[in-house]
Amino acid sequence: MIYVTNRLGPVTSLMRRIVAAFALLCLVPVAPALAATASELFADGNRLFRDDLYWAALLRYREAADAGMDTPLLHYNTGVAHYRAKQHIRARDELTKAASYGPLEAISHYNLGLNAYAFGDLDEALRWFRMARDQPQNQDISRLARRAIRELQDEISADSPVTLAAAVEEKERNLTYLDLRVRVGAGIDDNVFRSPKDPYIDLADPAQPLVTPVVQSGLFVPISLSARYQVNSLENEGFFGSYRFGGRYYQDENLKAADEYLHEAAFGSEYHRRTEERETGVYSAFKIAQHDENYVDPDDGLERQLAGEDISNRMSYLRYGPEFWASKRWGGLTLGARAKGQLWNYDEVAAVPEYDHEYWTVGLNGQYRFTSTSLLRVTAEYYTRRYSDRTSFELDGTQPLGNPTIRYDYIELGIEARQRITNWLWFSVDYERTEREDRYLGYNNFVRDGFGAAFHLQLGRRFDLDASVSYYLYDYEAAFAFHEPAAGRKTQESALGHVTATFEMTQSLDLVAEYLVREVASNDFRIQYDRAQVLLGVRWSP
């Protein structure tokens, strides 16, 4: 294999070994005599290329093709030779053919970007570089593409020459790096307050009234912003600070109680080191977030009151704590671990118990990539929520004030299989099982089975489509609907669907459309609802 070195530093020994492996795979003979002749012509073409005799190399590659060779590696080297010979249209055609072969996809996309740049089509160059950046198979190429995008964007804005000088294994990183993303749009929500759609008898009320919910719909504006500034003070480690904001604001004054937002700030460090067969990553951070949400009655959307006292701010909280994860890859096997600890401090409301609690989690995961197109991932996690003010339930559904405070412990196991069908299409299926233990008497114990599927489709260079669906089935051991024994044991199931379509309008601006639907069914009719949201917005990132 030959790599484009114009505007690039020399390839590393690692990449040369990978190249050699690809070459061996691609030169398996079809017929002994014919394949040997083609192989000799191909090798002679490579020798001529190394001597900068690109036209002669192209002649040998053509002869190898006429002799029966038709491999992705031949298309790749032919494309590179056309590029060096300044035949950019032919180079694009050959490199595009090579990109259909998984191991050559990333480097082909990167060199297609270089070819488009040399041809003078900067928009096309950015598109190819972004595809090389976003692929997960080769992080070295991804880093090169990120640098090329930054420098090419600088050239576009400054209208000055640029040199895309970087080695395949990048030894020197930019000292600082700023990542900024903004998204804003408009949406329609057909059930703003998650109201039950049918009338029901409230068995939790001693009077057992008939409740007729009012389902309300309206327009809202979703806004999200994220900023991350990183200082790469060490060879493989960087220190960062980040900020994230997300909010949803309804336009009808009667729906303002449904507004909510979240601010989150974090600071920490990331370590990443990659060699030929191994990769190590470590992330640690301390995060603090403020969430604002109104506590409303889903039946009518009004802010809740108790005995004339406003308790609408009961769901707003401040949370903070450390977070850590680490991963290690050996060839196709990756193992990881994570841990998180948080304190959730809800706004004080004297009339009712607060939701203040501690949250701790530890988890392990393992992933094995069987081929370049398929992988299997398993996860195991333990987490706990320990409340400081809410008292535990008795087995009859009552919640006496003198009881110990609530503690819920969870164990969750999951498995996911992912398969890539083509370069533009992949899908996955997953299953998870969660067991919750109510540590007092077990009243709120449950077992939840979750089933999911997802797929990603890329159409052309600019359009992406992502879709996922999940279904959860709860099995409560002792809890009653409405916490009332006469209502029978509580049942619950839920389904969630999500579709996202993205169209790249420019190198920095995307058009994003989303559709979300959620259905919750239960014999505790207070929590049963159907909801759909449609969103259209733009996303900007430099």
# chains A, B, ... in the order shown; residues from 1 in each chain; ligands from 1
>>> residues_around(residues="range 422-433 of chain A", least_positions_apart="6", cutoff="10 Å", atoms="only C-alpha atoms", output="JSON, numbers by chain")
{"A": [99, 100, 101, 102, 105, 373, 374, 375, 376, 377, 378, 379, 380, 411, 412, 413, 414, 415, 416, 447, 448, 449, 450, 451, 452, 453, 454, 455, 456, 457, 458, 459, 460, 461, 464, 465, 466, 467, 468, 469, 470, 471, 472, 473]}
>>> residues_around(residues="range 517-522 of chain A", least_positions_apart="6", cutoff="9 Å", atoms="only C-alpha atoms", output="list of chain:residue names")
A:Ala481, A:Lys490, A:Thr491, A:Gln492, A:Glu493, A:Ser494, A:Ala495, A:Leu496, A:Gly497, A:His498, A:Gln528, A:Tyr529, A:Asp530, A:Arg531, A:Ala532, A:Gln533, A:Val534
>>> closest_residue(among="A:Arg386, A:Arg133, A:Lys287, A:Arg329", to="Glu437 in chain A", atoms="only C-alpha atoms")
A:Arg386
>>> select_by_dssp(residues="range 314-502 of chain A", states="helix (DSSP H, G or I)", output="list in words")
Arg314, Met315, Ala481, Phe482, His483, Pro485, Ala486 and Ala487 of chain A
>>> write_last_selection(atoms="N, CA and C atoms", output="tab-separated table (two decimals), in the first residue's frame")
chain	number	residue	atom	x	y	z
A	314	ARG	N	-40.42	21.80	44.18
A	314	ARG	CA	-39.95	20.57	44.84
A	314	ARG	C	-39.01	19.75	43.96
A	315	MET	N	-39.12	19.85	42.62
A	315	MET	CA	-38.33	19.01	41.72
A	315	MET	C	-37.03	19.68	41.27
A	481	ALA	N	-51.00	-0.63	42.93
A	481	ALA	CA	-51.41	0.54	42.17
A	481	ALA	C	-52.06	1.53	43.13
A	482	PHE	N	-51.74	2.80	42.97
A	482	PHE	CA	-52.22	3.88	43.85
A	482	PHE	C	-51.77	3.66	45.31
A	483	HIS	N	-50.86	2.71	45.56
A	483	HIS	CA	-50.48	2.31	46.92
A	483	HIS	C	-51.72	1.89	47.72
A	485	PRO	N	-54.16	-1.44	48.46
A	485	PRO	CA	-54.28	-2.89	48.26
A	485	PRO	C	-55.49	-3.29	47.42
A	486	ALA	N	-56.58	-2.52	47.50
A	486	ALA	CA	-57.78	-2.88	46.74
A	486	ALA	C	-57.57	-2.75	45.23
A	487	ALA	N	-56.56	-1.98	44.81
A	487	ALA	CA	-56.31	-1.79	43.38
A	487	ALA	C	-55.50	-2.92	42.77
>>> residues_around(residues="Phe49 in chain A", least_positions_apart="2", cutoff="10 Å", atoms="only C-alpha atoms", output="CSV table (one decimal) with N, CA and C atoms, in the first residue's frame")
chain,number,residue,atom,x,y,z
A,2,ILE,N,0.4,2.2,-0.7
A,2,ILE,CA,1.2,3.5,-0.7
A,2,ILE,C,0.3,4.6,-0.1
A,43,ALA,N,3.6,-5.2,-7.8
A,43,ALA,CA,4.8,-4.9,-7.0
A,43,ALA,C,5.7,-3.9,-7.8
A,44,ASP,N,5.8,-4.1,-9.1
A,44,ASP,CA,6.6,-3.3,-9.9
A,44,ASP,C,6.0,-1.9,-10.0
A,45,GLY,N,4.7,-1.8,-10.0
A,45,GLY,CA,4.1,-0.5,-9.9
A,45,GLY,C,4.4,0.3,-8.6
A,46,ASN,N,4.4,-0.5,-7.5
A,46,ASN,CA,4.7,0.1,-6.3
A,46,ASN,C,6.2,0.7,-6.3
A,47,ARG,N,7.1,-0.1,-6.9
A,47,ARG,CA,8.5,0.3,-7.0
A,47,ARG,C,8.6,1.6,-7.8
A,51,ASP,N,9.8,5.6,-6.7
A,51,ASP,CA,10.8,6.3,-7.4
A,51,ASP,C,10.2,7.6,-8.1
A,52,ASP,N,9.0,7.9,-7.7
A,52,ASP,CA,8.3,9.1,-8.2
A,52,ASP,C,7.9,9.0,-9.7
A,53,LEU,N,7.9,7.8,-10.2
A,53,LEU,CA,7.5,7.7,-11.6
A,53,LEU,C,6.1,7.3,-11.7
A,54,TYR,N,5.2,8.3,-11.5
A,54,TYR,CA,3.8,8.0,-11.3
A,54,TYR,C,3.1,7.5,-12.5
A,55,TRP,N,3.4,8.1,-13.7
A,55,TRP,CA,2.8,7.6,-15.0
A,55,TRP,C,3.2,6.2,-15.3
A,56,ALA,N,4.4,5.8,-15.0
A,56,ALA,CA,4.9,4.5,-15.2
A,56,ALA,C,4.2,3.5,-14.3
A,57,ALA,N,4.0,4.0,-13.0
A,57,ALA,CA,3.3,3.2,-12.0
A,57,ALA,C,1.9,2.9,-12.4
A,58,LEU,N,1.2,4.0,-13.0
A,58,LEU,CA,-0.2,3.8,-13.4
A,58,LEU,C,-0.2,2.8,-14.5
A,60,ARG,N,1.7,0.2,-14.9
A,60,ARG,CA,1.8,-1.2,-14.3
A,60,ARG,C,0.5,-1.6,-13.6
A,77,ASN,N,-4.0,2.2,-4.4
A,77,ASN,CA,-2.7,2.7,-4.9
A,77,ASN,C,-2.9,3.4,-6.3
A,78,THR,N,-3.8,2.9,-7.1
A,78,THR,CA,-4.1,3.6,-8.4
A,78,THR,C,-4.6,5.0,-8.1
A,80,VAL,N,-4.0,6.9,-5.5
A,80,VAL,CA,-2.9,7.7,-5.0
A,80,VAL,C,-2.0,8.2,-6.2
A,81,ALA,N,-1.7,7.2,-7.1
A,81,ALA,CA,-0.9,7.6,-8.2
A,81,ALA,C,-1.5,8.6,-9.1
A,84,ARG,N,-1.0,11.9,-7.4
A,84,ARG,CA,0.3,12.5,-7.6
A,84,ARG,C,0.5,13.0,-9.1
>>> select_by_dssp(residues="range 336-403 of chain A", states="strand (DSSP E)", output="PyMOL selection string")
chain A and resi 336-346+357-371+374-391
>>> write_last_selection(atoms="N, CA and C atoms", output="tab-separated table (two decimals), in the first residue's frame")
chain	number	residue	atom	x	y	z
A	336	GLY	N	-13.45	-2.21	30.40
A	336	GLY	CA	-13.58	-0.88	30.98
A	336	GLY	C	-14.22	-0.92	32.35
A	337	ALA	N	-14.05	0.16	33.09
A	337	ALA	CA	-14.65	0.31	34.42
A	337	ALA	C	-15.04	1.77	34.59
A	338	ARG	N	-16.06	2.00	35.42
A	338	ARG	CA	-16.51	3.36	35.65
A	338	ARG	C	-17.06	3.47	37.07
A	339	ALA	N	-17.07	4.68	37.59
A	339	ALA	CA	-17.60	4.95	38.93
A	339	ALA	C	-18.07	6.39	38.98
A	340	LYS	N	-19.08	6.62	39.79
A	340	LYS	CA	-19.64	7.96	39.92
A	340	LYS	C	-20.24	8.11	41.31
A	341	GLY	N	-20.08	9.28	41.92
A	341	GLY	CA	-20.72	9.58	43.19
A	341	GLY	C	-21.31	10.97	43.14
A	342	GLN	N	-22.57	11.11	43.57
A	342	GLN	CA	-23.24	12.40	43.49
A	342	GLN	C	-24.09	12.65	44.73
A	343	LEU	N	-24.20	13.91	45.08
A	343	LEU	CA	-25.15	14.37	46.08
A	343	LEU	C	-26.21	15.20	45.37
A	344	TRP	N	-27.49	14.84	45.55
A	344	TRP	CA	-28.60	15.54	44.95
A	344	TRP	C	-29.29	16.34	46.05
A	345	ASN	N	-29.22	17.66	45.95
A	345	ASN	CA	-29.79	18.55	46.96
A	345	ASN	C	-30.98	19.29	46.35
A	346	TYR	N	-32.18	18.85	46.67
A	346	TYR	CA	-33.40	19.46	46.14
A	346	TYR	C	-33.76	20.71	46.93
A	357	HIS	N	-30.89	13.04	48.14
A	357	HIS	CA	-30.36	11.68	48.28
A	357	HIS	C	-28.91	11.62	47.78
A	358	GLU	N	-28.26	10.53	48.13
A	358	GLU	CA	-26.93	10.20	47.62
A	358	GLU	C	-27.09	9.19	46.49
A	359	TYR	N	-26.26	9.35	45.47
A	359	TYR	CA	-26.28	8.43	44.33
A	359	TYR	C	-24.86	7.95	44.07
A	360	TRP	N	-24.68	6.62	44.07
A	360	TRP	CA	-23.36	6.04	43.82
A	360	TRP	C	-23.51	4.92	42.80
A	361	THR	N	-22.54	4.80	41.93
A	361	THR	CA	-22.59	3.73	40.94
A	361	THR	C	-21.19	3.26	40.60
A	362	VAL	N	-21.06	1.95	40.36
A	362	VAL	CA	-19.82	1.35	39.85
A	362	VAL	C	-20.22	0.36	38.76
A	363	GLY	N	-19.41	0.26	37.72
A	363	GLY	CA	-19.76	-0.63	36.63
A	363	GLY	C	-18.55	-1.16	35.90
A	364	LEU	N	-18.76	-2.27	35.22
A	364	LEU	CA	-17.74	-2.91	34.38
A	364	LEU	C	-18.34	-3.16	33.01
A	365	ASN	N	-17.49	-3.15	32.00
A	365	ASN	CA	-17.97	-3.49	30.66
A	365	ASN	C	-16.87	-4.19	29.89
A	366	GLY	N	-17.29	-5.01	28.97
A	366	GLY	CA	-16.36	-5.71	28.09
A	366	GLY	C	-16.90	-5.71	26.67
A	367	GLN	N	-16.01	-5.57	25.72
A	367	GLN	CA	-16.42	-5.54	24.32
A	367	GLN	C	-15.44	-6.34	23.49
A	368	TYR	N	-15.97	-7.15	22.56
A	368	TYR	CA	-15.09	-7.90	21.67
A	368	TYR	C	-15.52	-7.67	20.24
A	369	ARG	N	-14.58	-7.24	19.43
A	369	ARG	CA	-14.83	-7.01	18.01
A	369	ARG	C	-14.39	-8.26	17.24
A	370	PHE	N	-15.37	-9.04	16.79
A	370	PHE	CA	-15.07	-10.29	16.09
A	370	PHE	C	-14.45	-10.03	14.73
A	371	THR	N	-15.00	-9.05	14.01
A	371	THR	CA	-14.47	-8.65	12.71
A	371	THR	C	-14.50	-7.14	12.67
A	374	SER	N	-18.41	-6.33	13.12
A	374	SER	CA	-19.32	-6.86	14.14
A	374	SER	C	-18.65	-6.85	15.51
A	375	LEU	N	-19.45	-6.58	16.54
A	375	LEU	CA	-18.94	-6.58	17.90
A	375	LEU	C	-20.03	-7.00	18.87
A	376	LEU	N	-19.60	-7.43	20.06
A	376	LEU	CA	-20.49	-7.80	21.14
A	376	LEU	C	-20.03	-7.09	22.39
A	377	ARG	N	-20.99	-6.49	23.13
A	377	ARG	CA	-20.65	-5.71	24.31
A	377	ARG	C	-21.52	-6.17	25.47
A	378	VAL	N	-20.90	-6.37	26.65
A	378	VAL	CA	-21.63	-6.74	27.86
A	378	VAL	C	-21.31	-5.72	28.95
A	379	THR	N	-22.29	-5.44	29.80
A	379	THR	CA	-22.13	-4.46	30.87
A	379	THR	C	-22.71	-5.01	32.16
A	380	ALA	N	-22.15	-4.57	33.27
A	380	ALA	CA	-22.66	-4.90	34.60
A	380	ALA	C	-22.51	-3.67	35.47
A	381	GLU	N	-23.56	-3.32	36.20
A	381	GLU	CA	-23.53	-2.09	36.98
A	381	GLU	C	-24.31	-2.27	38.28
A	382	TYR	N	-23.76	-1.67	39.32
A	382	TYR	CA	-24.45	-1.59	40.61
A	382	TYR	C	-24.59	-0.12	40.96
A	383	TYR	N	-25.80	0.30	41.36
A	383	TYR	CA	-25.96	1.68	41.82
A	383	TYR	C	-27.00	1.73	42.93
A	384	THR	N	-26.93	2.80	43.70
A	384	THR	CA	-27.79	2.93	44.87
A	384	THR	C	-28.23	4.38	45.03
A	385	ARG	N	-29.45	4.56	45.52
A	385	ARG	CA	-29.99	5.87	45.89
A	385	ARG	C	-30.43	5.79	47.35
A	386	ARG	N	-29.89	6.71	48.16
A	386	ARG	CA	-30.16	6.70	49.60
A	386	ARG	C	-30.73	8.06	50.00
A	387	TYR	N	-32.01	8.07	50.32
A	387	TYR	CA	-32.72	9.32	50.60
A	387	TYR	C	-32.55	9.68	52.07
A	388	SER	N	-32.51	10.99	52.32
A	388	SER	CA	-32.29	11.46	53.69
A	388	SER	C	-33.58	11.92	54.37
A	389	ASP	N	-34.69	12.08	53.61
A	389	ASP	CA	-35.90	12.64	54.20
A	389	ASP	C	-37.14	11.79	53.94
A	390	ARG	N	-37.19	11.09	52.83
A	390	ARG	CA	-38.37	10.29	52.48
A	390	ARG	C	-38.36	8.98	53.26
A	391	THR	N	-39.48	8.64	53.86
A	391	THR	CA	-39.56	7.42	54.66
A	391	THR	C	-40.02	6.23	53.81
>>> atom_distance(atom1="CA of Leu180 in chain A", atom2="CA of Phe129 in chain A")
18.6 Å
